[in-house]
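Notes follow the structure.
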Amino acid sequence: MISTGWIFRPGRLTAFDTHTTLTSVAIIRARGAIVSRWPAAGVALLVLLCLAAPARAEIAPLFRLFLLDGTVVTCLGEYARVGERVVFTLAMSGDGATELASLAADKVDWPRTEQYAQSLRAARYADARGEADFADLAGDVARLLNEIALTNEAARKLQLAVEARRRLDAWPREHYGYRTADIAQIVELVDQAISEFRVASGENRFDLTFVASPEPPKPIELLAAPSTEQLLEGAAALADRADIPAERLTLFESVARALDTHATALTQPVLNRLRSLVTSRIRTERLVETAYSKLAMTASRNGDRYANHGDVRGVEREIARVQHEDRRLGAKRPDRVSAILVTLQERLDSARRLRLARDQWSVKVTTFRSYQRAIAAPLADFRGMSQGLDDIKRLAGPAAAELPRLAKRAATAAHALGLVVPPTDLASAHALLKTAAHLAMQAVATRGTAVTSGAMDQAWQASSAAAGALMLMARATQELETALAPPGSR
């Protein structure tokens with residue numbers, strides 16, 4: 001295979017391939033083209049830059065999660081850590097079937113998993129971009145060497161050599177350790193040249209940044225691509241360890257479908273064992289899910305009923321029943337039960353508040369009833385005025401002969417309400433009644449003036465007052481009904 005590289009000659013770069021490298025080097029030496037104190041080092045450096053890495057087979061993006069219990073999970077593509085979980089695409093078979101899955105992050109052996117992932121990334125980088133990026137590096141270094149060869153100033157040579165050294169030193173760390181050994185040989189040669197250039201330029205300072213450059217971690221051997229049988233066994237093992245019930249059932253169902261699709265790719269004992277395992281787990285998961293769904297529905301219905309009646313002990317019994325049923329079912333849905341208990345606790349708080357409100361109301365109900373009897377007559381007057389006030393509001397009457405009777409009723413109601421001292425809890429509603437009575441008086445009086453004068457503007461003023469009286473009366477009546485009824489009765 002021919003690999004193209006570069007050699008430098010005074011004033012230009014020249015392309016060459018690995019078949020002609022040694023010949024080119026001989027020509028360079030013969031012509032004395034490398035004009036520096038380190039011709040042999042420069043030639044050796046160029047030879048290393050020109051040699052291409054051996055071709056690799058394409059590396060599949062199959063990452064691995066190594067679990068603490070020894071299970072190895074095969075992921076298609078990179079995994080992602082999200083909070084306290086790791087999310088990944090589980091490889092189900094060799095034909096590309098996958099399933100989105102997740103695990104608790106504390107179940108994973110992260111040092112081993114990250115080391116393997118880094119090795120896989122390095123291998124895939126070498127396969128996809130390594131040689132192209134290394135060729136770019138070779139071109140950059142060759143240009144620097146060419147400039148060194150053309151420069152007569154020792155200080156400038158040193159500056160260029162140091163720049164080349166910095167690029168070479170950083171390159172392996174930034175490129176997954178690709179061709180680290182080759183870079184190390186080149187760095188050794190450049191370091192020798194830098195030492196010579198320092199002497200030539202009269203420097204005696206030693207740069208500690210060039211001592212013991214850290215190497216990227218050495219890659220570990222990648223696992224062979226798993227067979228469909230291995231993938232399905234791994235998927236079944238993962239499903240058994242999944243800690244989210246819905247995801248566990250989904251994984252088992254996916255494995256069941258994959259077993260039907262790839263039955264011929266599995267040995268009969270493995271196929272029988274996996275089918276038996278998956279069938280049993282799916283049946284169990286569905287039975288458990290049905291039982292907990294029924295428990296949640298019943299608990300919600302009973303909790304609402306008890307809370308609406310202020311039955312504190314009833315809600316407490318329901319909480320105890322849910323906990324008992326959860327233990328009987330094997331505590332298989334802790335998150336589900338936790339949500340049920342949170343809801344029941346809210347119902348318990350609601351029942352307690354309602355019970356307290358009813359007890360409070362029972363203490364005040366005697367005073368409320370007395371107030372209700374005291375305002376019965378004014379309310380009756382209001383009800384008798386409602387039709388007349390509605391006529392005034394609509395500018396549809398009433399007959400002039402009716403106005404004195406309406407005025408008397410409004411005045412009587414206002415006077416009676418003024419004599420009543422309401423309980424504190426009913427003061428707001430009572431104030432609305434008093435305002436409504438005064439508006440009713442104003443509406444009737446203004447309507448009478450309008451009838452006498454025939455002025456429409458006064459008729460409209462009477463309409464506004466009548467509308468306000470009716471509206472405030474309705475609001476006050478609603479507030480009184482709410483206050484006089486036992487809490488929770490509506």
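Chain identifiers are assigned as A, B, and so on, following the order in which chains appear in the structure tokens; residues are numbered from 1 within each chain, and ligands are numbered from 1 in order of appearance.
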
Test item: residues at most 12 Å from Ala445 in chain A, only C-alpha atoms, excluding those fewer than 2 positions along its chain, as a ChimeraX atom specification:
/A:389,392,400,402-408,410-411,438-443,447-452,458-459,461-463,465-466

Can you tell me, as a PyMOL selection string, which residues in range 103-156 of chain A count as alpha helix (DSSP H) by DSSP?
chain A and resi 110-125+131-150+154-156

Which residues are close to Phe88 in chain A, i.e. within 10 Å by only C-alpha atoms, leaving aside same-chain residues fewer than 4 positions away? Reply as a list in words.
Phe63, Leu65, Val73, Thr74, Cys75, Leu76, Gly77, Glu78, Tyr79, Ala80, Arg81, Thr98, Glu99, Leu100, Ala101, Ser102 and Leu103 of chain A

As a PyMOL selection string, please: all residues of range 87-243 of chain A that backbone DSSP puts in strand (DSSP E or B).
chain A and resi 87-91+98-104+108

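Of note, CA of Ile183 in chain A and CA of Leu168 in chain A are spaced 6.5 Å apart.
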
Closest atom pairs, residues of range 384-487 of chain A within 12 Å of range 346-362 of chain A, only C-alpha atoms, as JSON lines:
```
{"residue": "A:Asp425", "atom": "CA", "partner": "A:Trp361", "partner_atom": "CA", "distance": 10.4}
{"residue": "A:Thr482", "atom": "CA", "partner": "A:Trp361", "partner_atom": "CA", "distance": 11.5}
{"residue": "A:Ala483", "atom": "CA", "partner": "A:Trp361", "partner_atom": "CA", "distance": 8.7}
{"residue": "A:Leu484", "atom": "CA", "partner": "A:Trp361", "partner_atom": "CA", "distance": 8.6}
{"residue": "A:Ala485", "atom": "CA", "partner": "A:Trp361", "partner_atom": "CA", "distance": 8.8}
{"residue": "A:Pro486", "atom": "CA", "partner": "A:Arg358", "partner_atom": "CA", "distance": 6.3}
{"residue": "A:Pro487", "atom": "CA", "partner": "A:Arg358", "partner_atom": "CA", "distance": 5.6}
```

Write the selection just made, keeping all heavy atoms, as a compact mmCIF listing (two decimals), in the first residue's frame?
```txt
# COMPACT_ATOMS: atom_id res chain seq x y z
N ASP A 425 -68.60 36.00 61.80
CA ASP A 425 -68.44 35.25 60.54
C ASP A 425 -69.43 35.68 59.47
O ASP A 425 -69.22 35.39 58.29
CB ASP A 425 -68.60 33.75 60.81
CG ASP A 425 -67.49 33.19 61.68
OD1 ASP A 425 -66.42 33.84 61.75
OD2 ASP A 425 -67.67 32.12 62.28
N THR A 482 -74.10 29.44 52.38
CA THR A 482 -72.85 28.71 52.57
C THR A 482 -72.46 28.66 54.04
O THR A 482 -72.05 27.62 54.57
CB THR A 482 -71.72 29.36 51.76
OG1 THR A 482 -72.07 29.37 50.38
CG2 THR A 482 -70.40 28.63 51.95
N ALA A 483 -72.59 29.79 54.72
CA ALA A 483 -72.18 29.86 56.12
C ALA A 483 -73.12 29.07 57.03
O ALA A 483 -72.69 28.47 58.02
CB ALA A 483 -72.13 31.31 56.57
N LEU A 484 -74.40 29.04 56.70
CA LEU A 484 -75.37 28.37 57.55
C LEU A 484 -75.44 26.87 57.31
O LEU A 484 -76.04 26.14 58.13
CB LEU A 484 -76.76 29.00 57.32
CG LEU A 484 -76.89 30.47 57.75
CD1 LEU A 484 -78.23 31.04 57.30
CD2 LEU A 484 -76.74 30.58 59.27
N ALA A 485 -74.84 26.40 56.20
CA ALA A 485 -74.83 24.94 55.93
C ALA A 485 -73.61 24.31 56.59
O ALA A 485 -72.55 24.94 56.69
CB ALA A 485 -74.80 24.69 54.43
N PRO A 486 -73.68 23.06 57.06
CA PRO A 486 -72.53 22.39 57.65
C PRO A 486 -71.38 22.29 56.64
O PRO A 486 -71.64 22.04 55.45
CB PRO A 486 -73.06 21.00 58.02
CG PRO A 486 -74.55 21.17 58.09
CD PRO A 486 -74.90 22.22 57.08
N PRO A 487 -70.12 22.47 57.03
CA PRO A 487 -68.99 22.35 56.10
C PRO A 487 -68.97 20.97 55.43
O PRO A 487 -69.21 19.95 56.07
CB PRO A 487 -67.76 22.53 57.01
CG PRO A 487 -68.26 23.35 58.15
CD PRO A 487 -69.68 22.90 58.37
```

So, counting only C-alpha atoms, which residue among A:Gln115, A:Gln230, A:Thr89, A:Ser489 is closest to His309 in chain A?
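Of all the options, A:Ser489 lies closest to His309 in chain A.
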
Between CA of Ile244 in chain A and CA of Thr298 in chain A, what is the spacing in Å?
23.0 Å

Which polymer residues have any atom within 12 Å of an atom of range 318-320 of chain A, counting only C-alpha atoms, with same-chain residues fewer than 2 positions away left out, as a VMD selection string?
chain A and resid 295 to 296 298 to 307 311 to 316 322 to 327 337 to 348

Excluding range 259-276 of chain A and any residue of its chain fewer than 2 positions from it, enumerate the residues within 9 Å of it, using only C-alpha atoms, and give them as a ChimeraX atom specification.
/A:93,227-229,232-233,236,254-257,278-281

For Glu285 in chain A: contacts at 12 Å, only C-alpha atoms, fewer than 3 positions along chain excluded, given as a PDB file with C-alpha atoms, in the first residue's frame:
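New file result16.pdb:
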```pdb
ATOM      1  CA  ALA A 239     -34.428  -6.985  32.061  1.00  0.00           C
ATOM      2  CA  ASP A 240     -34.227  -9.084  35.220  1.00  0.00           C
ATOM      3  CA  ILE A 244     -38.340   0.448  36.837  1.00  0.00           C
ATOM      4  CA  PRO A 245     -41.353  -1.916  36.506  1.00  0.00           C
ATOM      5  CA  ALA A 246     -42.684  -0.491  33.232  1.00  0.00           C
ATOM      6  CA  GLU A 247     -39.233  -0.647  31.664  1.00  0.00           C
ATOM      7  CA  ARG A 248     -38.698  -4.177  32.979  1.00  0.00           C
ATOM      8  CA  LEU A 249     -41.921  -5.395  31.345  1.00  0.00           C
ATOM      9  CA  THR A 250     -41.076  -3.602  28.081  1.00  0.00           C
ATOM     10  CA  LEU A 251     -37.627  -5.220  27.972  1.00  0.00           C
ATOM     11  CA  PHE A 252     -39.018  -8.696  28.597  1.00  0.00           C
ATOM     12  CA  GLU A 253     -41.628  -8.205  25.867  1.00  0.00           C
ATOM     13  CA  VAL A 278     -39.261 -14.473  29.676  1.00  0.00           C
ATOM     14  CA  THR A 279     -42.745 -16.035  29.650  1.00  0.00           C
ATOM     15  CA  SER A 280     -42.685 -16.478  33.419  1.00  0.00           C
ATOM     16  CA  ARG A 281     -41.450 -12.930  34.056  1.00  0.00           C
ATOM     17  CA  ILE A 282     -43.996 -11.330  31.712  1.00  0.00           C
ATOM     18  CA  VAL A 288     -48.405  -7.622  39.749  1.00  0.00           C
ATOM     19  CA  GLU A 289     -49.244  -4.578  37.627  1.00  0.00           C
ATOM     20  CA  THR A 290     -52.925  -5.495  37.597  1.00  0.00           C
ATOM     21  CA  ALA A 291     -52.957  -5.983  41.360  1.00  0.00           C
ATOM     22  CA  TYR A 292     -51.310  -2.637  42.065  1.00  0.00           C
ATOM     23  CA  LEU A 329     -47.913  -8.542  47.122  1.00  0.00           C
ATOM     24  CA  LYS A 332     -43.033  -5.037  44.162  1.00  0.00           C
ATOM     25  CA  ARG A 333     -44.004  -1.428  43.349  1.00  0.00           C
TER      26      ARG A 333
END
```
